[in-house]
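Engineer: Following this line is model.tsv, made up of TSV, C-alpha atoms and all ligand atoms:
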```tsv
chain	number	residue	atom	x	y	z
E	723	MET	CA	68.13	169.67	127.29
E	724	ASP	CA	69.16	168.60	123.79
E	725	ARG	CA	70.52	171.54	121.79
E	726	ILE	CA	71.27	172.11	118.11
E	727	ALA	CA	74.86	171.16	117.37
E	728	ALA	CA	75.26	171.37	113.57
E	729	LEU	CA	73.78	172.55	110.28
E	730	ASP	CA	74.88	170.76	107.10
E	731	VAL	CA	73.96	171.91	103.60
E	732	PHE	CA	74.05	169.75	100.45
E	733	PRO	CA	73.57	171.51	97.09
E	734	LEU	CA	72.23	168.92	94.62
E	735	SER	CA	72.37	168.48	90.85
E	736	ILE	CA	70.33	165.56	89.54
E	737	PRO	CA	70.58	164.86	85.79
E	738	ARG	CA	67.39	164.55	83.76
E	739	ASP	CA	66.80	163.21	80.25
E	740	THR	CA	64.36	165.86	79.02
E	741	PRO	CA	64.53	169.46	80.26
E	742	TYR	CA	61.71	170.64	82.52
E	743	LEU	CA	58.59	171.54	80.45
E	744	GLY	CA	59.77	169.34	77.56
E	745	PRO	CA	62.32	169.34	74.73
E	746	LEU	CA	64.09	172.65	74.06
E	747	GLU	CA	62.75	174.69	71.17
E	748	PRO	CA	65.02	175.29	68.14
E	749	GLY	CA	67.41	178.17	68.79
E	750	VAL	CA	67.38	177.86	72.61
E	751	THR	CA	70.97	177.81	73.84
E	752	VAL	CA	72.35	176.37	77.08
E	753	SER	CA	74.88	178.43	79.08
E	754	PRO	CA	78.23	177.00	80.27
E	755	HIS	CA	76.67	176.49	83.73
E	756	GLY	CA	73.75	174.57	82.21
E	757	TYR	CA	71.04	177.25	82.20
E	758	PHE	CA	68.56	178.18	79.47
E	759	VAL	CA	65.60	180.47	78.89
E	760	ARG	CA	62.63	179.47	76.75
E	761	PRO	CA	61.19	182.25	74.60
E	762	GLY	CA	57.67	181.43	75.89
E	763	ASN	CA	58.21	182.07	79.59
E	764	GLN	CA	61.40	184.16	79.83
E	765	THR	CA	62.46	182.41	83.06
E	766	VAL	CA	65.82	180.75	83.60
E	767	TYR	CA	65.87	176.98	84.16
E	768	SER	CA	68.64	174.41	84.48
E	769	VAL	CA	69.06	171.38	82.21
E	770	ASP	CA	69.62	169.31	85.39
E	771	ASP	CA	67.43	169.45	88.51
E	772	HIS	CA	69.06	171.52	91.23
E	773	SER	CA	68.01	171.78	94.85
E	774	VAL	CA	69.42	172.28	98.36
E	775	LEU	CA	69.16	169.62	101.05
E	776	VAL	CA	69.52	170.75	104.68
E	777	ARG	CA	70.28	168.75	107.84
E	778	VAL	CA	70.03	170.00	111.43
E	779	THR	CA	71.63	167.73	114.07
E	780	THR	CA	71.35	167.95	117.86
E	781	GLU	CA	74.04	167.23	120.47
E	782	GLN	CA	72.35	163.86	121.11
E	783	GLY	CA	72.39	163.00	117.41
E	784	LYS	CA	68.74	163.67	116.55
E	785	VAL	CA	68.35	164.82	112.93
E	786	GLY	CA	65.86	167.02	111.06
E	787	TRP	CA	65.82	167.32	107.25
E	788	GLY	CA	64.79	170.26	105.12
E	789	GLU	CA	65.00	171.45	101.53
E	790	SER	CA	65.43	174.97	100.16
E	791	PHE	CA	64.49	176.25	96.72
E	792	GLY	CA	67.63	175.86	94.65
E	793	VAL	CA	66.47	175.57	91.05
E	794	VAL	CA	69.31	177.88	90.00
E	795	ALA	CA	72.70	178.51	91.66
E	796	PRO	CA	72.09	176.19	94.65
E	797	LYS	CA	75.55	176.83	96.09
E	798	VAL	CA	74.42	180.36	96.97
E	799	ALA	CA	72.11	178.94	99.66
E	800	LYS	CA	74.98	176.91	101.10
E	801	THR	CA	77.12	180.02	101.51
E	802	ILE	CA	74.27	182.04	103.04
E	803	MET	CA	73.40	179.28	105.49
E	804	GLU	CA	76.95	178.53	106.54
E	805	GLU	CA	78.09	182.13	106.91
E	806	LEU	CA	74.95	183.91	108.13
E	807	MET	CA	72.46	181.42	109.54
E	808	THR	CA	74.45	178.76	111.40
E	809	PRO	CA	75.34	181.14	114.29
E	810	HIS	CA	71.60	181.58	115.01
E	811	LEU	CA	71.16	177.81	115.33
E	812	ILE	CA	74.06	176.44	117.31
E	813	GLY	CA	73.29	175.90	120.99
E	814	ARG	CA	69.55	176.68	120.61
E	815	ASP	CA	66.67	174.52	121.82
E	816	PRO	CA	64.99	172.94	118.76
E	817	HIS	CA	61.61	173.63	120.40
E	818	ASP	CA	62.35	177.35	119.89
E	819	GLY	CA	62.17	176.81	116.12
E	820	LEU	CA	59.76	179.67	115.42
E	821	ALA	CA	61.95	182.10	117.35
E	822	ILE	CA	65.06	180.88	115.52
E	823	VAL	CA	63.40	181.44	112.14
E	824	GLU	CA	62.17	184.90	113.15
E	825	ASP	CA	65.65	185.82	114.39
E	826	ILE	CA	67.22	184.78	111.08
E	827	TYR	CA	64.63	186.72	109.04
E	828	ASN	CA	64.99	189.74	111.31
E	829	ALA	CA	68.79	189.80	111.01
E	830	MET	CA	68.66	190.88	107.36
E	831	ARG	CA	65.35	192.72	106.95
E	832	VAL	CA	66.92	196.16	107.35
E	833	ARG	CA	69.44	195.22	104.66
E	834	GLY	CA	66.47	194.68	102.34
E	835	PHE	CA	66.57	190.88	102.15
E	836	PHE	CA	62.81	190.25	102.33
E	837	GLY	CA	62.93	187.41	99.82
E	838	GLY	CA	65.19	185.98	97.17
E	839	PHE	CA	68.02	183.61	97.95
E	840	TYR	CA	68.09	184.60	101.65
E	841	VAL	CA	64.50	183.66	102.46
E	842	ASP	CA	64.76	180.57	100.22
E	843	ALA	CA	67.72	179.41	102.30
E	844	LEU	CA	65.76	180.05	105.50
E	845	ALA	CA	62.89	177.87	104.21
E	846	GLY	CA	65.07	174.75	104.30
E	847	ILE	CA	66.18	175.43	107.86
E	848	ASP	CA	62.59	176.01	108.93
E	849	ILE	CA	61.49	172.68	107.42
E	850	ALA	CA	64.39	170.88	109.11
E	851	LEU	CA	63.46	172.37	112.49
E	852	TRP	CA	59.83	171.25	112.10
E	853	ASP	CA	60.98	167.75	111.07
E	854	LEU	CA	63.24	167.63	114.12
E	855	ARG	CA	60.45	168.78	116.46
E	856	GLY	CA	58.09	166.21	114.98
E	857	LYS	CA	60.61	163.45	115.57
E	858	LEU	CA	61.27	164.62	119.14
E	859	ALA	CA	57.51	164.63	119.81
E	860	GLY	CA	56.86	161.39	117.88
E	861	LEU	CA	54.23	163.18	115.78
E	862	PRO	CA	53.78	163.98	112.09
E	863	ILE	CA	54.03	167.69	111.31
E	864	CYS	CA	50.32	167.95	110.49
E	865	LYS	CA	49.58	166.87	114.06
E	866	LEU	CA	52.05	169.43	115.44
E	867	LEU	CA	50.08	172.03	113.46
E	868	GLY	CA	46.95	170.70	115.12
E	869	ALA	CA	45.04	168.83	112.42
E	870	ARG	CA	45.18	165.80	110.21
E	871	ARG	CA	42.12	166.65	108.14
E	872	HIS	CA	43.14	164.72	105.02
E	873	SER	CA	45.14	161.51	104.70
E	874	ARG	CA	45.00	161.71	100.92
E	875	LEU	CA	45.14	164.89	98.89
E	876	PRO	CA	43.62	165.37	95.41
E	877	VAL	CA	46.15	166.45	92.78
E	878	TYR	CA	46.31	167.97	89.35
E	879	VAL	CA	48.79	166.66	86.82
E	880	SER	CA	51.14	169.53	86.01
E	881	GLY	CA	52.60	169.96	82.56
E	882	LEU	CA	52.42	167.84	79.46
E	883	PRO	CA	56.07	167.61	78.36
E	884	ARG	CA	55.66	166.65	74.71
E	885	ALA	CA	56.79	168.56	71.64
E	886	THR	CA	53.47	168.72	69.72
E	887	LEU	CA	49.87	169.46	70.63
E	888	PRO	CA	48.48	166.05	69.50
E	889	GLU	CA	51.13	164.36	71.70
E	890	ARG	CA	50.25	166.60	74.66
E	891	ALA	CA	46.52	165.88	74.27
E	892	ALA	CA	47.26	162.13	74.13
E	893	LEU	CA	49.40	162.40	77.27
E	894	ALA	CA	46.62	164.27	79.10
E	895	LYS	CA	44.20	161.48	78.16
E	896	GLU	CA	46.63	158.88	79.51
E	897	TRP	CA	46.64	160.61	82.90
E	898	ILE	CA	42.85	160.87	83.04
E	899	ASP	CA	42.61	157.18	82.10
E	900	LYS	CA	44.88	156.42	85.10
E	901	GLY	CA	42.30	157.93	87.44
E	902	PHE	CA	43.47	161.55	87.69
E	903	GLY	CA	40.82	164.26	87.65
E	904	ALA	CA	42.71	167.37	86.53
E	905	VAL	CA	45.55	168.44	84.21
E	906	LYS	CA	47.35	171.75	83.68
E	907	PHE	CA	48.90	172.96	80.47
E	908	ALA	CA	51.67	175.55	80.19
E	909	ALA	CA	51.22	178.58	77.93
E	910	ALA	CA	55.01	178.72	77.61
E	911	VAL	CA	55.04	175.58	75.45
E	912	ALA	CA	51.58	175.89	73.83
E	913	ASP	CA	53.11	176.35	70.40
E	914	GLU	CA	49.75	176.63	68.59
E	915	GLY	CA	48.43	179.17	71.10
E	916	GLU	CA	46.34	178.73	74.24
E	917	PRO	CA	42.89	178.57	72.55
E	918	ALA	CA	44.06	175.71	70.29
E	919	GLU	CA	45.68	173.97	73.27
E	920	MET	CA	42.53	174.28	75.37
E	921	ALA	CA	40.24	173.12	72.55
E	922	ALA	CA	42.42	170.09	71.77
E	923	LEU	CA	42.65	169.08	75.41
E	924	ARG	CA	38.89	169.38	75.97
E	925	GLN	CA	38.28	167.41	72.77
E	926	ALA	CA	40.63	164.66	73.97
E	927	LEU	CA	39.31	164.53	77.54
E	928	GLY	CA	35.61	165.21	77.06
E	929	PRO	CA	33.52	166.96	79.68
E	930	GLY	CA	34.35	166.33	83.32
E	931	PRO	CA	38.12	166.41	83.86
E	932	GLN	CA	39.37	169.78	85.07
E	933	ILE	CA	41.73	171.67	82.78
E	934	LEU	CA	43.95	174.37	84.30
E	935	ALA	CA	46.12	176.84	82.36
E	936	ASP	CA	49.40	178.35	83.56
E	937	PHE	CA	49.97	181.63	81.72
E	938	HIS	CA	53.47	182.13	83.09
E	939	TRP	CA	53.00	185.86	83.78
E	940	ARG	CA	53.02	186.61	80.04
E	941	TYR	CA	50.19	189.09	79.56
E	942	THR	CA	48.92	192.55	80.30
E	943	ASP	CA	45.66	192.68	82.23
E	944	GLN	CA	43.52	193.26	79.13
E	945	GLU	CA	45.30	190.61	77.07
E	946	ALA	CA	44.74	188.15	79.92
E	947	ILE	CA	41.06	189.03	80.30
E	948	LYS	CA	40.51	188.55	76.56
E	949	LEU	CA	42.37	185.25	76.49
E	950	ILE	CA	40.78	183.73	79.62
E	951	THR	CA	37.34	184.70	78.29
E	952	GLN	CA	38.19	182.84	75.06
E	953	LEU	CA	39.01	179.68	77.05
E	954	GLU	CA	35.93	179.77	79.29
E	955	PRO	CA	33.58	178.07	76.77
E	956	TYR	CA	35.85	175.00	77.18
E	957	ASP	CA	35.33	175.12	80.95
E	958	LEU	CA	38.72	176.39	82.13
E	959	ALA	CA	39.05	175.40	85.80
E	960	VAL	CA	41.83	177.74	86.95
E	961	ALA	CA	43.76	180.60	85.29
E	962	GLU	CA	47.26	180.72	86.79
E	963	ALA	CA	49.66	183.66	86.79
E	964	PRO	CA	48.02	185.68	84.00
E	965	VAL	CA	50.04	188.91	84.49
E	966	GLN	CA	53.47	189.84	85.82
E	967	PRO	CA	54.15	189.21	89.52
E	968	GLU	CA	54.56	192.91	90.36
E	969	ASP	CA	51.30	193.97	88.70
E	970	MET	CA	48.86	193.83	91.62
E	971	GLU	CA	46.40	196.22	89.97
E	972	GLY	CA	46.41	194.05	86.85
E	973	GLN	CA	45.88	190.89	88.91
E	974	ALA	CA	42.88	192.47	90.63
E	975	ARG	CA	41.41	193.64	87.32
E	976	VAL	CA	41.66	190.13	85.86
E	977	VAL	CA	39.99	188.61	88.95
E	978	ALA	CA	37.15	191.12	88.68
E	979	ALA	CA	36.65	190.62	84.93
E	980	VAL	CA	36.62	186.83	84.41
E	981	LYS	CA	34.45	184.00	85.74
E	982	THR	CA	37.38	181.58	86.11
E	983	PRO	CA	39.16	181.38	89.48
E	984	VAL	CA	42.56	183.07	89.24
E	985	ALA	CA	45.56	181.55	91.06
E	986	ILE	CA	48.85	183.26	91.87
E	987	GLY	CA	51.66	183.06	94.38
E	988	GLU	CA	54.30	180.46	93.52
E	989	GLU	CA	56.94	183.22	93.45
E	990	LEU	CA	55.97	184.77	96.82
E	991	ARG	CA	57.46	183.92	100.20
E	992	THR	CA	56.02	185.76	103.17
E	993	VAL	CA	52.84	187.18	104.69
E	994	TYR	CA	54.26	190.61	103.89
E	995	GLU	CA	54.23	189.80	100.15
E	996	TYR	CA	50.83	188.09	100.27
E	997	ARG	CA	49.00	190.61	102.46
E	998	PRO	CA	48.48	193.41	99.89
E	999	ARG	CA	47.40	190.83	97.31
E	1000	PHE	CA	44.74	189.52	99.67
E	1001	THR	CA	43.45	192.97	100.53
E	1002	GLN	CA	43.32	193.96	96.83
E	1003	ARG	CA	41.62	190.67	95.83
E	1004	CYS	CA	44.39	189.75	93.39
E	1005	MET	CA	43.42	186.03	93.40
E	1006	SER	CA	40.88	183.56	94.71
E	1007	ILE	CA	43.40	180.71	94.94
E	1008	ILE	CA	46.92	180.92	96.36
E	1009	GLN	CA	49.82	178.72	95.24
E	1010	PRO	CA	52.35	178.75	98.08
E	1011	GLU	CA	55.68	177.05	97.33
E	1012	MET	CA	57.10	175.21	100.34
E	1013	ALA	CA	60.75	175.40	99.20
E	1014	HIS	CA	60.50	179.23	99.05
E	1015	MET	CA	58.61	179.61	102.33
E	1016	GLY	CA	59.25	176.86	104.84
E	1017	ILE	CA	56.46	175.43	106.96
E	1018	THR	CA	56.06	178.44	109.28
E	1019	SER	CA	55.55	181.03	106.54
E	1020	PHE	CA	53.47	178.61	104.42
E	1021	TRP	CA	51.17	177.97	107.38
E	1022	HIS	CA	50.82	181.67	108.21
E	1023	VAL	CA	49.97	182.53	104.59
E	1024	CYS	CA	47.41	179.72	104.40
E	1025	GLN	CA	45.74	180.97	107.58
E	1026	MET	CA	45.66	184.45	106.08
E	1027	ALA	CA	44.10	182.94	102.94
E	1028	GLN	CA	41.36	181.45	105.09
E	1029	ALA	CA	40.61	184.89	106.54
E	1030	PHE	CA	40.21	186.20	102.97
E	1031	HIS	CA	38.15	183.19	101.81
E	1032	CYS	CA	40.78	182.02	99.34
E	1033	ARG	CA	41.55	178.39	98.57
E	1034	VAL	CA	45.04	176.86	98.70
E	1035	MET	CA	46.49	174.97	95.73
E	1036	PRO	CA	50.14	174.40	96.69
E	1037	HIS	CA	52.85	174.70	94.06
E	1038	ALA	CA	55.35	171.85	93.59
E	1039	THR	CA	58.74	173.01	92.40
E	1040	ILE	CA	61.74	171.16	91.06
E	1041	GLY	CA	63.41	169.45	94.02
E	1042	ALA	CA	64.43	166.22	95.70
E	1043	GLY	CA	61.17	165.32	97.50
E	1044	ILE	CA	61.80	166.65	101.02
E	1045	ALA	CA	60.03	170.00	100.52
E	1046	GLN	CA	57.29	168.06	98.73
E	1047	ALA	CA	56.69	166.00	101.88
E	1048	ALA	CA	56.58	169.20	103.95
E	1049	SER	CA	53.99	170.64	101.57
E	1050	LEU	CA	51.84	167.52	101.97
E	1051	GLN	CA	52.10	167.71	105.78
E	1052	VAL	CA	50.80	171.29	105.86
E	1053	SER	CA	48.19	170.60	103.16
E	1054	ALA	CA	46.83	167.76	105.30
E	1055	ALA	CA	46.12	170.27	108.08
E	1056	LEU	CA	44.33	172.89	105.95
E	1057	ALA	CA	40.58	173.53	105.96
E	1058	ASN	CA	40.88	175.60	102.75
E	1059	PHE	CA	42.96	173.08	100.76
E	1060	ALA	CA	41.80	172.58	97.14
E	1061	MET	CA	44.30	170.32	95.36
E	1062	HIS	CA	48.06	169.91	95.16
E	1063	GLU	CA	50.26	170.27	92.10
E	1064	TYR	CA	51.74	166.94	90.97
E	1065	GLN	CA	54.96	167.37	88.99
E	1066	HIS	CA	55.07	163.85	87.67
E	1067	SER	CA	58.44	164.15	85.92
E	1068	ILE	CA	60.02	165.15	89.24
E	1069	PHE	CA	57.95	163.41	91.92
E	1070	ASP	CA	58.05	159.94	90.38
E	1071	ARG	CA	61.81	160.16	89.80
E	1072	ASN	CA	62.33	161.34	93.40
E	1073	LEU	CA	60.75	158.25	94.95
E	1074	GLN	CA	64.14	156.54	94.59
E	1075	PHE	CA	65.74	159.37	96.60
E	1076	VAL	CA	63.40	159.41	99.62
E	1077	GLN	CA	62.64	156.72	102.18
E	1078	GLY	CA	59.05	156.61	103.41
E	1079	ASN	CA	55.71	155.74	101.87
E	1080	MET	CA	54.93	159.08	100.22
E	1081	ARG	CA	53.20	158.32	96.92
E	1082	CYS	CA	50.84	159.59	94.24
E	1083	GLU	CA	48.27	157.19	92.84
E	1084	ALA	CA	45.09	157.54	90.76
E	1085	GLY	CA	44.61	161.23	91.45
E	1086	TYR	CA	45.77	161.52	95.04
E	1087	PHE	CA	48.90	162.16	97.07
E	1088	TYR	CA	49.10	159.95	100.14
E	1089	LEU	CA	50.60	161.44	103.27
E	1090	PRO	CA	53.64	159.46	104.42
E	1091	ASP	CA	53.45	157.75	107.83
E	1092	GLY	CA	55.88	158.42	110.64
E	1093	PRO	CA	56.95	161.39	112.73
E	1094	GLY	CA	58.13	164.72	111.35
E	1095	LEU	CA	58.01	164.86	107.55
E	1096	GLY	CA	57.49	161.10	107.30
E	1097	VAL	CA	60.33	160.85	104.76
E	1098	GLU	CA	64.13	160.89	104.89
E	1099	PRO	CA	66.64	161.26	102.06
E	1100	ALA	CA	67.83	157.89	100.76
E	1101	PRO	CA	71.57	157.17	100.49
E	1102	ALA	CA	71.27	157.32	96.67
E	1103	LEU	CA	70.52	161.06	96.82
E	1104	PHE	CA	74.00	161.83	98.16
E	1105	ASP	CA	75.54	160.70	94.86
E	1106	PHE	CA	74.24	164.01	93.46
E	1107	VAL	CA	75.76	166.44	95.96
E	1108	MET	CA	77.64	169.20	94.08
E	1109	GLN	CA	81.29	169.54	94.98
E	1110	ASP	CA	82.84	172.91	95.90
Q	1	MG	MG	53.22	177.96	87.61
```
Turn this file's structure into structure tokens for me.

Structural biologist:
Amino acid sequence: MDRIAALDVFPLSIPRDTPYLGPLEPGVTVSPHGYFVRPGNQTVYSVDDHSVLVRVTTEQGKVGWGESFGVVAPKVAKTIMEELMTPHLIGRDPHDGLAIVEDIYNAMRVRGFFGGFYVDALAGIDIALWDLRGKLAGLPICKLLGARRHSRLPVYVSGLPRATLPERAALAKEWIDKGFGAVKFAAAVADEGEPAEMAALRQALGPGPQILADFHWRYTDQEAIKLITQLEPYDLAVAEAPVQPEDMEGQARVVAAVKTPVAIGEELRTVYEYRPRFTQRCMSIIQPEMAHMGITSFWHVCQMAQAFHCRVMPHATIGAGIAQAASLQVSAALANFAMHEYQHSIFDRNLQFVQGNMRCEAGYFYLPDGPGLGVEPAPALFDFVMQD
């Protein structure tokens, strides 16, 4: 039997011309390690794109690739994996991947590590184990899960990284003219306010294209209800993250009070975090993030969503394209899939860093061919590995 022989971890830092979500506002400062916080969303980002690439290798030289969430401090995941997770992997049968992942989660639950950097690190290992099993079986991951329902996946264009509202509206129109059916704007950079942003976008796009709004957890429940109600005359398609992540009662109140479907979940990782939000009807759409969850947890949460009659609209974080491929593989297997986030400023750039025919064209992601994830990191990606 072929057993797991090695785990290798590659923290990445890929330079970008314009910071994520667009040019920095006046007065925003960048820390010595390259981090900044915009006043609109209060969340730390890096000026460069960080991520964590993971490789699992067997004694016979078979390789599986994964990617962990590493938007900030990606070297933390490397330390956690090397010191705490590698011993659970070495010598194990790759076909025991679910047991390996459960063992790693279980090893730290009593220490209170139910999420955060620990579970993010585990996500990359989980993806790599699924990729490895797919390659050993000669099957794409969607087939290992038991379904290839979709070979192309509808997307929404996420973010309009321009400094002014007229420029953002023009950019939205460009995407619709290229055959895309949906765009999402970010409240964090809607400098004239969300109602003006929504009105300008609807004016530019006309009736038909879907417009989604990401509220970046900014509001109280009543502020959110008032604001979403103001946007509904312009046919808001989805209201994302209206209140703070911890405010389950507020999430449920917003869902009950507005006509627009409410989406949450990009910051969550496990069935344990999702379960109370399902039972309290905190959303009608979930936004699982593959690089936080890994394939196993992502799949379990999506099955739970089906039991609660929620749709799945996967999140697409900053990364190198490997977790993106994993997200497409699971999405292809889902009966309750709605559409996938398309981070154009990241995905298009990443095509030079992955080998395989993953692509996004005229409103759809196309599932890459081949076993496992269907993609592999290209040699060019290794130019961006952070040194110790
Ligand atoms: Mg979001």

Engineer: Smallest atom-to-atom distance to Phe1020 of chain E: which of E:Ala978, E:Ala859, E:Ala912, E:Ala845, using all atoms listed in the file?

Structural biologist: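 With all atoms listed in the file as the atom set, the closest residue is E:Ala845.
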
Engineer: Env of Tyr1064 of chain E: 6 Å cut, atoms = all atoms listed in the file, seq-sep filter 6 positions within chain, self excluded. Answer as number ranges by chain.

Structural biologist: E: 877-880

Engineer: One decimal, Å: what's the distance from atom CA of Gln1046 of chain E over to atom CA of His772 of chain E, could you say?

Structural biologist: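 Between atom CA of Gln1046 of chain E and atom CA of His772 of chain E the gap is 14.4 Å.
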
Engineer: List as a PyMOL selection string the protein and nucleic acid residues lying within 9 Å of ligand MG 1 (chain Q), with all atoms listed in the file counted.

Structural biologist: chain E and resi 880+908+935-939+962-963+986-989+1009+1037-1039

Engineer: Could you tell me how far atom CA of Ala1054 of chain E lies from atom CA of Pro876 of chain E, in Å and to one decimal?

Structural biologist: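 Pair atom CA of Ala1054 of chain E / atom CA of Pro876 of chain E returns 10.7 Å.
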
Engineer: Quick check, in Å to one decimal: how far apart do atom CA of Glu804 of chain E and atom CA of Pro1099 of chain E lie?

Structural biologist: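 Atom-to-atom, atom CA of Glu804 of chain E to atom CA of Pro1099 of chain E, that is 20.6 Å.
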
Engineer: Determine, counting only C-alpha atoms, every residue of protein, DNA or RNA that lies within 9 Å of (66.8, 172.3, 115.3) in the file coordinates, then give the result as a VMD selection string.

Structural biologist: chain E and resid 725 to 729 777 to 780 784 to 786 811 to 812 814 to 819 822 847 to 848 850 to 855

Engineer: Looking at all atoms listed in the file, which of E:Leu743, E:Val1034, E:Val731, E:Ile1068 is the one that sits closest to Ile802 of chain E?

Structural biologist: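 Among the listed residues, E:Val731 lies closest to Ile802 of chain E.
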
Engineer: So, with all atoms listed in the file as the atoms that count, which of E:Leu775, E:Met1061, E:Leu1103, E:Leu949 lies closest to Phe1087 of chain E?

Structural biologist: E:Met1061

Engineer: I want to know what sits within 12 Å of Leu861 of chain E, based on all atoms listed in the file, with residues of the same chain fewer than 5 positions away left out; could you give that as a ChimeraX atom specification?

Structural biologist: /E:852-856,866-870,1051,1090-1096

Engineer: Can those selected residues be exported to a file as a PDB file, keeping the file's coordinate frame so that it contains C-alpha atoms?

Structural biologist:
```
ATOM      1  CA  TRP E 852      59.830 171.250 112.100  1.00  0.00           C
ATOM      2  CA  ASP E 853      60.980 167.750 111.070  1.00  0.00           C
ATOM      3  CA  LEU E 854      63.240 167.630 114.120  1.00  0.00           C
ATOM      4  CA  ARG E 855      60.450 168.780 116.460  1.00  0.00           C
ATOM      5  CA  GLY E 856      58.090 166.210 114.980  1.00  0.00           C
ATOM      6  CA  LEU E 866      52.050 169.430 115.440  1.00  0.00           C
ATOM      7  CA  LEU E 867      50.080 172.030 113.460  1.00  0.00           C
ATOM      8  CA  GLY E 868      46.950 170.700 115.120  1.00  0.00           C
ATOM      9  CA  ALA E 869      45.040 168.830 112.420  1.00  0.00           C
ATOM     10  CA  ARG E 870      45.180 165.800 110.210  1.00  0.00           C
ATOM     11  CA  GLN E1051      52.100 167.710 105.780  1.00  0.00           C
ATOM     12  CA  PRO E1090      53.640 159.460 104.420  1.00  0.00           C
ATOM     13  CA  ASP E1091      53.450 157.750 107.830  1.00  0.00           C
ATOM     14  CA  GLY E1092      55.880 158.420 110.640  1.00  0.00           C
ATOM     15  CA  PRO E1093      56.950 161.390 112.730  1.00  0.00           C
ATOM     16  CA  GLY E1094      58.130 164.720 111.350  1.00  0.00           C
ATOM     17  CA  LEU E1095      58.010 164.860 107.550  1.00  0.00           C
ATOM     18  CA  GLY E1096      57.490 161.100 107.300  1.00  0.00           C
TER      19      GLY E1096
END
```

Engineer: Would you please work out which residue, of E:Leu893, E:Met723, E:Met1026, E:Ala910, is nearest to Val759 of chain E when using all atoms listed in the file?

Structural biologist: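 Nearest candidate to Val759 of chain E out of E:Leu893, E:Met723, E:Met1026, E:Ala910: E:Ala910.
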
Engineer: Go through E:Gln1025, E:Val750, E:Thr1018, E:Pro955 one by one, measure the shortest atom-to-atom distance of each to Arg997 of chain E using only C-alpha atoms, and give the residue with the smallest value.

Structural biologist: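 Using only C-alpha atoms, Arg997 of chain E sits closest to E:Gln1025.
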
Engineer: Between E:Asp739, E:Phe791, E:Ile826, E:Val1097, which residue has the minimum interatomic distance to Met807 of chain E, considering all atoms listed in the file?

Structural biologist: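 Checking each candidate against Met807 of chain E, we get E:Ile826 as the closest.
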
Engineer: Applying 9 Å and only C-alpha atoms, which residues near Glu914 of chain E remain after dropping the ones on its own chain fewer than 3 positions away? List them as a list in words.

Structural biologist: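 Once the nearby chain positions are removed, what remains is Thr886, Leu887, Val911, Pro917, Ala918 and Glu919 of chain E.
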